[in-house]
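Scroll down for the structure; my scribbles are underneath it.
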Amino acid sequence: MEALLRWAAELGVSDSPSAPAPSTTSSSSCLGRSLVVADFPDAGGRGFAAARDLRRGELVLRVPRAALLTSDRVMADDPRIASCVDAHRPRLSSIQRLIVCLLAEVGKGKSSGWYLYLSQLPTYYTILATFNDFEIEALQVDDAIWVAQKAVSAIRSEWEEATPLMRELDFKPKLLMFKTWLWAFATVSSRTLHVAWDDAGCLCPIGDLFNYAAPDDDTSSEEQDTEEAMKCQERNVNVMLEEIKLDSPSERLTDGGYEDSKAYCLYARKRYRKGEQVLLGYGTYTNLELLEHYGFLLDENPNEKTYIQLDSELCTMGTWPKDSLYIHPNGHPSFALLCSLRLWATPTNRRKSFSHQIYSGSMLSVENELEVLKRLGSKCVETLQQLPTTAELDGRLIHFLRNLQNSTSWRVDVEQSSFGQEFALFLRFHSVDVDCTQDQLPVRLLRSLERWELAVRWRCSYKIALTKCVLYCKRLINELSLQ
């Protein structure tokens, strides 16, 4: 890491608003003025801590274009790669081209200009596409299983499409393997930042060390003096205008952007005290989307949406898109779902005359509302009953899996738990003898346990939201019945 920070400083990366020119810098590190690398075991792992008190909207990191790893930069430095990639350009997406360029640099080893950066990248990821069949089935919910299977299938197709180009570039056999492509895809998916000139985005050394904070975190209550607001106003407007343009999965960052200064500039999203972890909001995501693109989920995600299987008539009723019909983390139905249910509970011949009142969010009558709540509550109960485990059992399984990942005698832990059957199925899937005498599990099984835990955590939060919705409906039914 120290070597990486020195390399970045030589390229002009700096956590000071006035960064020295790359040719004149003598700093041994690009950090220390605003940020320091720190470990947060319970909050994302390695990330950034504030080196001093930071103001909201203050520039905390500047990464010049020379340090960004983009497909055009790789091709500019290597005419052979440029020639081959250009020949295949019509058949490959921008993400495929960036992955090929990334793997080409990996293949160069220490001769790559980004070697120090590449050597610090994770050796494995936990995005949905890395899940095996056992881990995918552990999600339990059909929609989530479909998302995971679709992700794996799409990436495999992209790998097959790009393989002729990689063979033409004489990639080593290891770099041609699907699991290597999957690693590179996960790197691009979880670490790229948006740039206007390439839909695939850029890999941003040092800038990709920030951990995630949901955009709806409460920062509005902080006091901010008028002078500071005036200084930040123009920059924030520019960033907001840039965000409005973002409409693809690869365009995710919302707390910074590539600016006219020919550098990627990242800003403090709120006030931070010295030592506090400095976070960035990559965008608004549900937990399933975070798992798909980044390989993690949040215990408390203000942007979480829980979907249940609805009748086709209900989904097509009104003008609301299907993805707006969901349940909030607190168990309350979304505005669109509640309105759709009210319209559904209205007699067909009266829907047109009451539609304006329904669209305004008003309750039609006690009878209508009772029918809505009973329907929603029974649908949640029905969904929960169709799932093979309860949220309570999932909670105990999560605890078991966490203990197992840190165990020095996994057989004892399994014997003392009530999950021996589940773990036996896990070992059988991985073709490992249940009576294996090793005290510690192999690394590949530990990584699978981590993904299994993520799947169980996701399905557990799904069930908790539905349970809260059931309780919410029961409470309102009791209140309305007394009227």
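Going by the structure tokens order, chains are called A, B, ..., each with residues numbered from 1, while ligands are numbered from 1 in the order shown.
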- Message: Among range 101-192 of chain A, which residues does DSSP mark as helix (DSSP H, G or I) when it is run on the backbone? Keep the chain and numbering as in the structure and answer as an MDAnalysis selection string.
- Response: chainID A and resid 101:111 115:118 128:130 133:137 142:168 173:176 178:191
- Item | d(CA of Ser407 in chain A, CA of Asp439 in chain A) in Å |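 These two atoms are separated by 8.5 Å.
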- Message: At a cut-off of 8 Å, using only C-alpha atoms, what residues contact range 258-272 of chain A? Leave out same-chain residues fewer than 3 positions from it and give the result as an MDAnalysis selection string.
- Response: chainID A and resid 50 53:65 194:196 207 219 222 255 276:281
Selected residues, C-alpha atoms, written as an mmCIF file, in the first residue's frame, please.
```cif
data_model
loop_
_atom_site.group_PDB
_atom_site.id
_atom_site.type_symbol
_atom_site.label_atom_id
_atom_site.label_comp_id
_atom_site.auth_asym_id
_atom_site.auth_seq_id
_atom_site.Cartn_x
_atom_site.Cartn_y
_atom_site.Cartn_z
ATOM 1 C CA ALA A 50 -10.701 11.574 8.003
ATOM 2 C CA ASP A 53 -12.212 17.507 10.586
ATOM 3 C CA LEU A 54 -13.779 17.798 7.131
ATOM 4 C CA ARG A 55 -16.499 20.167 5.963
ATOM 5 C CA ARG A 56 -19.439 19.040 3.880
ATOM 6 C CA GLY A 57 -18.735 19.609 0.171
ATOM 7 C CA GLU A 58 -14.979 19.911 0.703
ATOM 8 C CA LEU A 59 -12.651 18.392 -1.893
ATOM 9 C CA VAL A 60 -11.028 15.353 -0.286
ATOM 10 C CA LEU A 61 -9.361 13.595 -3.221
ATOM 11 C CA ARG A 62 -8.158 14.587 -6.669
ATOM 12 C CA VAL A 63 -7.092 11.936 -9.202
ATOM 13 C CA PRO A 64 -5.687 13.317 -12.488
ATOM 14 C CA ARG A 65 -6.540 11.676 -15.774
ATOM 15 C CA HIS A 194 -18.407 7.413 -14.350
ATOM 16 C CA VAL A 195 -16.651 9.393 -17.071
ATOM 17 C CA ALA A 196 -18.403 11.148 -19.921
ATOM 18 C CA GLY A 207 -10.424 6.789 -5.385
ATOM 19 C CA THR A 219 -27.022 14.863 6.187
ATOM 20 C CA GLU A 222 -26.176 19.386 9.823
ATOM 21 C CA ASP A 255 -20.429 12.416 -4.755
ATOM 22 C CA GLU A 276 -14.434 8.935 11.272
ATOM 23 C CA GLN A 277 -14.857 6.820 8.134
ATOM 24 C CA VAL A 278 -15.347 8.971 5.008
ATOM 25 C CA LEU A 279 -17.951 7.436 2.698
ATOM 26 C CA LEU A 280 -19.262 8.040 -0.802
ATOM 27 C CA GLY A 281 -22.711 7.419 -2.245
#
```
- Message: As an exercise, work out the distance from CA of Ile477 in chain A to CA of Gly377 in chain A in Å and give it to one decimal place.
- Response: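 Calculated distance between CA of Ile477 in chain A and CA of Gly377 in chain A is 9.9 Å.
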- Message: Give me, as an NGL selection string, all polymer residues having an atom no more than 8 Å from Leu31 in chain A, counting only C-alpha atoms and skipping those fewer than 2 positions away in the same chain.
- Response: :A and (5 or 14-15 or 29 or 33-36)
For those residues, write all heavy atoms to a file as an mmCIF file, in the first residue's frame.
```
data_model
loop_
_atom_site.group_PDB
_atom_site.id
_atom_site.type_symbol
_atom_site.label_atom_id
_atom_site.label_comp_id
_atom_site.auth_asym_id
_atom_site.auth_seq_id
_atom_site.Cartn_x
_atom_site.Cartn_y
_atom_site.Cartn_z
ATOM 1 N N LEU A 5 0.737 4.302 -2.723
ATOM 2 C CA LEU A 5 0.518 5.705 -2.386
ATOM 3 C C LEU A 5 1.636 6.584 -2.925
ATOM 4 O O LEU A 5 1.392 7.724 -3.336
ATOM 5 C CB LEU A 5 0.380 5.857 -0.870
ATOM 6 C CG LEU A 5 -0.822 5.142 -0.222
ATOM 7 C CD1 LEU A 5 -0.812 5.359 1.284
ATOM 8 C CD2 LEU A 5 -2.128 5.609 -0.833
ATOM 9 N N SER A 14 -3.838 13.455 -5.067
ATOM 10 C CA SER A 14 -3.651 14.174 -3.813
ATOM 11 C C SER A 14 -4.976 14.353 -3.090
ATOM 12 O O SER A 14 -6.029 14.490 -3.707
ATOM 13 C CB SER A 14 -3.030 15.546 -4.080
ATOM 14 O OG SER A 14 -2.947 16.300 -2.888
ATOM 15 N N ASP A 15 -4.909 14.363 -1.752
ATOM 16 C CA ASP A 15 -6.098 14.663 -0.950
ATOM 17 C C ASP A 15 -6.068 16.116 -0.486
ATOM 18 O O ASP A 15 -6.758 16.501 0.455
ATOM 19 C CB ASP A 15 -6.218 13.716 0.246
ATOM 20 C CG ASP A 15 -5.057 13.831 1.219
ATOM 21 O OD1 ASP A 15 -4.045 14.490 0.871
ATOM 22 O OD2 ASP A 15 -5.158 13.262 2.325
ATOM 23 N N SER A 29 3.624 10.094 -0.114
ATOM 24 C CA SER A 29 2.261 9.582 -0.085
ATOM 25 C C SER A 29 1.312 10.627 -0.634
ATOM 26 O O SER A 29 1.545 11.838 -0.495
ATOM 27 C CB SER A 29 1.849 9.215 1.343
ATOM 28 O OG SER A 29 0.489 8.844 1.384
ATOM 29 N N ARG A 33 -3.331 14.599 4.265
ATOM 30 C CA ARG A 33 -3.841 15.952 4.497
ATOM 31 C C ARG A 33 -5.323 15.923 4.863
ATOM 32 O O ARG A 33 -5.769 16.631 5.760
ATOM 33 C CB ARG A 33 -3.619 16.816 3.265
ATOM 34 C CG ARG A 33 -2.174 16.850 2.781
ATOM 35 C CD ARG A 33 -2.075 17.398 1.361
ATOM 36 N NE ARG A 33 -0.749 17.246 0.778
ATOM 37 C CZ ARG A 33 -0.302 16.140 0.202
ATOM 38 N NH1 ARG A 33 -1.089 15.065 0.145
ATOM 39 N NH2 ARG A 33 0.906 16.066 -0.304
ATOM 40 N N SER A 34 -6.091 15.091 4.141
ATOM 41 C CA SER A 34 -7.530 14.978 4.394
ATOM 42 C C SER A 34 -7.947 13.557 4.743
ATOM 43 O O SER A 34 -8.910 13.350 5.487
ATOM 44 C CB SER A 34 -8.329 15.442 3.166
ATOM 45 O OG SER A 34 -8.023 16.768 2.815
ATOM 46 N N LEU A 35 -7.228 12.566 4.197
ATOM 47 C CA LEU A 35 -7.618 11.169 4.337
ATOM 48 C C LEU A 35 -6.449 10.301 4.763
ATOM 49 O O LEU A 35 -5.293 10.615 4.458
ATOM 50 C CB LEU A 35 -8.164 10.631 3.006
ATOM 51 C CG LEU A 35 -9.326 11.371 2.346
ATOM 52 C CD1 LEU A 35 -9.526 10.857 0.929
ATOM 53 C CD2 LEU A 35 -10.599 11.223 3.161
ATOM 54 N N VAL A 36 -6.750 9.217 5.433
ATOM 55 C CA VAL A 36 -5.765 8.171 5.721
ATOM 56 C C VAL A 36 -6.449 6.823 5.512
ATOM 57 O O VAL A 36 -7.645 6.682 5.747
ATOM 58 C CB VAL A 36 -5.214 8.260 7.168
ATOM 59 C CG1 VAL A 36 -4.364 9.494 7.345
ATOM 60 C CG2 VAL A 36 -6.344 8.211 8.186
#
```
- Item | Counting only C-alpha atoms, the residue of A:Ala138, A:Val85, A:Met1, A:Cys380 that sits nearest Ile308 in chain A | A:Cys380
- Message: Can you tell me, as a VMD selection string, which residues in range 24-68 of chain A count as strand (DSSP E or B) by DSSP?
- Response: chain A and resid 35 to 40 45 to 50 54 59 to 64
Serialized selection, all heavy atoms, as a short mmCIF file (atom, residue, chain, number, x, y, z; two decimals), in the first residue's frame:
```cif
data_model
loop_
_atom_site.label_atom_id
_atom_site.label_comp_id
_atom_site.auth_asym_id
_atom_site.auth_seq_id
_atom_site.Cartn_x
_atom_site.Cartn_y
_atom_site.Cartn_z
N LEU A 35 -7.23 12.57 4.20
CA LEU A 35 -7.62 11.17 4.34
C LEU A 35 -6.45 10.30 4.76
O LEU A 35 -5.29 10.61 4.46
CB LEU A 35 -8.16 10.63 3.01
CG LEU A 35 -9.33 11.37 2.35
CD1 LEU A 35 -9.53 10.86 0.93
CD2 LEU A 35 -10.60 11.22 3.16
N VAL A 36 -6.75 9.22 5.43
CA VAL A 36 -5.76 8.17 5.72
C VAL A 36 -6.45 6.82 5.51
O VAL A 36 -7.64 6.68 5.75
CB VAL A 36 -5.21 8.26 7.17
CG1 VAL A 36 -4.36 9.49 7.34
CG2 VAL A 36 -6.34 8.21 8.19
N VAL A 37 -5.69 5.84 5.05
CA VAL A 37 -6.23 4.49 4.88
C VAL A 37 -6.40 3.87 6.26
O VAL A 37 -5.50 3.95 7.11
CB VAL A 37 -5.30 3.63 4.01
CG1 VAL A 37 -5.85 2.20 3.90
CG2 VAL A 37 -5.15 4.24 2.62
N ALA A 38 -7.56 3.27 6.50
CA ALA A 38 -7.85 2.65 7.79
C ALA A 38 -8.71 1.42 7.58
O ALA A 38 -9.30 1.24 6.52
CB ALA A 38 -8.54 3.65 8.72
N ASP A 39 -8.77 0.59 8.61
CA ASP A 39 -9.57 -0.63 8.54
C ASP A 39 -10.82 -0.47 9.40
O ASP A 39 -10.75 -0.04 10.54
CB ASP A 39 -8.74 -1.83 9.03
CG ASP A 39 -9.46 -3.15 8.77
OD1 ASP A 39 -10.02 -3.30 7.67
OD2 ASP A 39 -9.48 -4.00 9.67
N PHE A 40 -11.96 -0.82 8.80
CA PHE A 40 -13.24 -0.75 9.50
C PHE A 40 -13.89 -2.13 9.41
O PHE A 40 -14.71 -2.39 8.51
CB PHE A 40 -14.13 0.32 8.86
CG PHE A 40 -13.52 1.69 8.87
CD1 PHE A 40 -12.75 2.14 7.79
CD2 PHE A 40 -13.70 2.54 9.95
CE1 PHE A 40 -12.18 3.40 7.80
CE2 PHE A 40 -13.14 3.81 9.97
CZ PHE A 40 -12.37 4.24 8.89
N GLY A 45 -14.64 -2.89 5.82
CA GLY A 45 -13.24 -3.29 5.73
C GLY A 45 -12.34 -2.10 5.47
O GLY A 45 -12.53 -1.02 6.04
N ARG A 46 -11.36 -2.27 4.58
CA ARG A 46 -10.42 -1.19 4.31
C ARG A 46 -11.13 -0.01 3.65
O ARG A 46 -11.92 -0.18 2.72
CB ARG A 46 -9.29 -1.70 3.39
CG ARG A 46 -8.19 -0.67 3.17
CD ARG A 46 -7.02 -1.27 2.42
NE ARG A 46 -7.37 -1.66 1.06
CZ ARG A 46 -6.51 -2.21 0.21
NH1 ARG A 46 -5.28 -2.47 0.60
NH2 ARG A 46 -6.89 -2.54 -1.01
N GLY A 47 -10.85 1.17 4.14
CA GLY A 47 -11.47 2.37 3.59
C GLY A 47 -10.69 3.60 3.99
O GLY A 47 -9.49 3.52 4.30
N PHE A 48 -11.36 4.75 3.99
CA PHE A 48 -10.71 6.02 4.34
C PHE A 48 -11.26 6.56 5.65
O PHE A 48 -12.47 6.56 5.88
CB PHE A 48 -10.94 7.07 3.25
CG PHE A 48 -10.06 6.92 2.05
CD1 PHE A 48 -10.60 6.94 0.76
CD2 PHE A 48 -8.69 6.77 2.18
CE1 PHE A 48 -9.80 6.81 -0.35
CE2 PHE A 48 -7.88 6.64 1.07
CZ PHE A 48 -8.43 6.66 -0.20
N ALA A 49 -10.35 7.05 6.48
CA ALA A 49 -10.72 7.80 7.68
C ALA A 49 -10.31 9.24 7.48
O ALA A 49 -9.35 9.54 6.75
CB ALA A 49 -10.05 7.21 8.92
N ALA A 50 -11.04 10.15 8.10
CA ALA A 50 -10.70 11.57 8.00
C ALA A 50 -9.41 11.84 8.78
O ALA A 50 -9.28 11.48 9.94
CB ALA A 50 -11.84 12.42 8.55
N LEU A 54 -13.47 17.44 8.51
CA LEU A 54 -13.78 17.80 7.13
C LEU A 54 -15.14 18.48 7.05
O LEU A 54 -16.07 18.11 7.76
CB LEU A 54 -13.80 16.54 6.24
CG LEU A 54 -12.51 15.73 6.15
CD1 LEU A 54 -12.73 14.45 5.34
CD2 LEU A 54 -11.39 16.57 5.52
N LEU A 59 -13.42 19.31 -1.06
CA LEU A 59 -12.65 18.39 -1.89
C LEU A 59 -11.73 17.55 -1.01
O LEU A 59 -10.94 18.07 -0.24
CB LEU A 59 -11.81 19.18 -2.90
CG LEU A 59 -10.89 18.37 -3.83
CD1 LEU A 59 -11.72 17.51 -4.77
CD2 LEU A 59 -9.97 19.30 -4.62
N VAL A 60 -11.85 16.23 -1.13
CA VAL A 60 -11.03 15.35 -0.29
C VAL A 60 -10.07 14.49 -1.09
O VAL A 60 -9.13 13.92 -0.53
CB VAL A 60 -11.91 14.45 0.61
CG1 VAL A 60 -12.65 15.29 1.64
CG2 VAL A 60 -12.86 13.61 -0.22
N LEU A 61 -10.29 14.38 -2.41
CA LEU A 61 -9.36 13.60 -3.22
C LEU A 61 -9.44 14.05 -4.67
O LEU A 61 -10.53 14.26 -5.21
CB LEU A 61 -9.67 12.10 -3.13
CG LEU A 61 -8.63 11.18 -3.78
CD1 LEU A 61 -7.31 11.25 -3.00
CD2 LEU A 61 -9.11 9.74 -3.84
N ARG A 62 -8.26 14.18 -5.27
CA ARG A 62 -8.16 14.59 -6.67
C ARG A 62 -7.28 13.57 -7.39
O ARG A 62 -6.13 13.35 -7.01
CB ARG A 62 -7.55 15.99 -6.77
CG ARG A 62 -7.41 16.54 -8.17
CD ARG A 62 -6.76 17.92 -8.14
NE ARG A 62 -6.63 18.48 -9.46
CZ ARG A 62 -5.63 18.20 -10.29
NH1 ARG A 62 -4.67 17.36 -9.90
NH2 ARG A 62 -5.57 18.75 -11.48
N VAL A 63 -7.82 12.95 -8.44
CA VAL A 63 -7.09 11.94 -9.20
C VAL A 63 -6.99 12.40 -10.65
O VAL A 63 -7.99 12.40 -11.37
CB VAL A 63 -7.79 10.56 -9.14
CG1 VAL A 63 -6.97 9.50 -9.87
CG2 VAL A 63 -8.04 10.14 -7.69
N PRO A 64 -5.82 12.82 -11.11
CA PRO A 64 -5.69 13.32 -12.49
C PRO A 64 -5.92 12.22 -13.51
O PRO A 64 -5.81 11.03 -13.22
CB PRO A 64 -4.24 13.83 -12.53
CG PRO A 64 -3.54 13.07 -11.46
CD PRO A 64 -4.55 12.83 -10.38
#
```
- Item | Nearest residue to Arg191 in chain A from the set A:Ala154, A:Val372, A:Ala104, A:Leu68 (distances using only C-alpha atoms) | A:Leu68
- Task: Check the smallest atom-to-atom distance from each of A:Ser461, A:Gly275, A:Leu102, A:Ser431 to Gly32 in chain A using only C-alpha atoms, then report the winner.
- Result: A:Gly275
- Item | Neighbour list for Phe131 in chain A as a PyMOL selection string, cut-off 12 Å, only C-alpha atoms, skip fewer than 6 positions in-chain | chain A and resi 124-125+137-139+144-145+147-153+179+182+186+291-292+295+447-455
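Each of A:Gln120, A:Asn132, A:Ser93, A:Thr467 was checked against Val381 in chain A using only C-alpha atoms; the smallest atom-to-atom distance is that of A:Thr467.
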- Task: Report the distance between CA of Val456 in chain A and CA of Thr286 in chain A in Å, rounded to one decimal place.
- Result: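 Between CA of Val456 in chain A and CA of Thr286 in chain A the gap is 15.8 Å.
Shell of Trp183 in chain A at 10 Å, with only C-alpha atoms counted and residues fewer than 2 places along the chain excluded, is Ile99, Leu103, Pro122, Thr123, Tyr124, Tyr125, Thr126, Ile127, Ala129, Thr130, Phe178, Lys179, Thr180, Trp181, Phe185, Ala186, Thr187, Val188 and Ser189 of chain A.
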Can you tell me which residues surround Glu300 in chain A at a distance of at most 10 Å, considering only C-alpha atoms, apart from same-chain residues fewer than 3 positions away, and format the answer as a compact mmCIF listing (two decimals) with all heavy atoms, in the first residue's frame?
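Contents of selection.txt, freshly written:
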```txt
# COMPACT_ATOMS: atom_id res chain seq x y z
N ALA A 214 -25.44 4.97 1.73
CA ALA A 214 -26.68 5.16 0.98
C ALA A 214 -26.95 6.65 0.81
O ALA A 214 -26.78 7.42 1.76
CB ALA A 214 -27.84 4.47 1.69
N ASN A 287 -30.85 -3.60 -1.83
CA ASN A 287 -29.83 -4.55 -1.39
C ASN A 287 -29.50 -5.58 -2.47
O ASN A 287 -28.35 -5.99 -2.61
CB ASN A 287 -30.27 -5.25 -0.10
CG ASN A 287 -29.81 -4.50 1.13
OD1 ASN A 287 -28.92 -3.64 1.06
ND2 ASN A 287 -30.42 -4.79 2.26
N LEU A 297 -24.30 -5.94 1.00
CA LEU A 297 -25.61 -5.36 1.26
C LEU A 297 -25.57 -4.65 2.61
O LEU A 297 -24.64 -4.82 3.39
CB LEU A 297 -26.71 -6.43 1.21
CG LEU A 297 -26.49 -7.77 1.91
CD1 LEU A 297 -26.77 -7.65 3.40
CD2 LEU A 297 -27.41 -8.84 1.30
N ASN A 303 -33.04 2.68 0.91
CA ASN A 303 -33.53 2.53 -0.47
C ASN A 303 -34.00 1.11 -0.78
O ASN A 303 -34.26 0.78 -1.94
CB ASN A 303 -32.43 2.93 -1.45
CG ASN A 303 -31.93 4.33 -1.20
OD1 ASN A 303 -32.69 5.29 -1.24
ND2 ASN A 303 -30.65 4.47 -0.91
N GLU A 304 -34.11 0.27 0.25
CA GLU A 304 -34.54 -1.10 0.04
C GLU A 304 -36.00 -1.17 -0.43
O GLU A 304 -36.85 -0.39 0.02
CB GLU A 304 -34.35 -1.92 1.32
CG GLU A 304 -34.79 -3.37 1.22
CD GLU A 304 -33.94 -4.19 0.25
OE1 GLU A 304 -33.46 -3.64 -0.74
OE2 GLU A 304 -33.78 -5.39 0.51
N PRO A 329 -38.87 -0.90 3.85
CA PRO A 329 -38.25 -1.66 4.94
C PRO A 329 -39.06 -1.67 6.23
O PRO A 329 -38.98 -2.62 7.02
CB PRO A 329 -36.90 -0.97 5.14
CG PRO A 329 -36.60 -0.35 3.82
CD PRO A 329 -37.92 0.07 3.26
N SER A 461 -33.70 -10.41 5.42
CA SER A 461 -34.23 -9.04 5.41
C SER A 461 -35.52 -8.96 4.58
O SER A 461 -36.43 -8.19 4.91
CB SER A 461 -33.18 -8.07 4.85
OG SER A 461 -32.92 -8.32 3.48
```
- Task: Compare A:Ala391, A:Leu209, A:Ala424, A:Leu397 by their minimum atom-to-atom distance to Leu466 in chain A, counting only C-alpha atoms, and give me the closest one.
- Result: A:Ala391
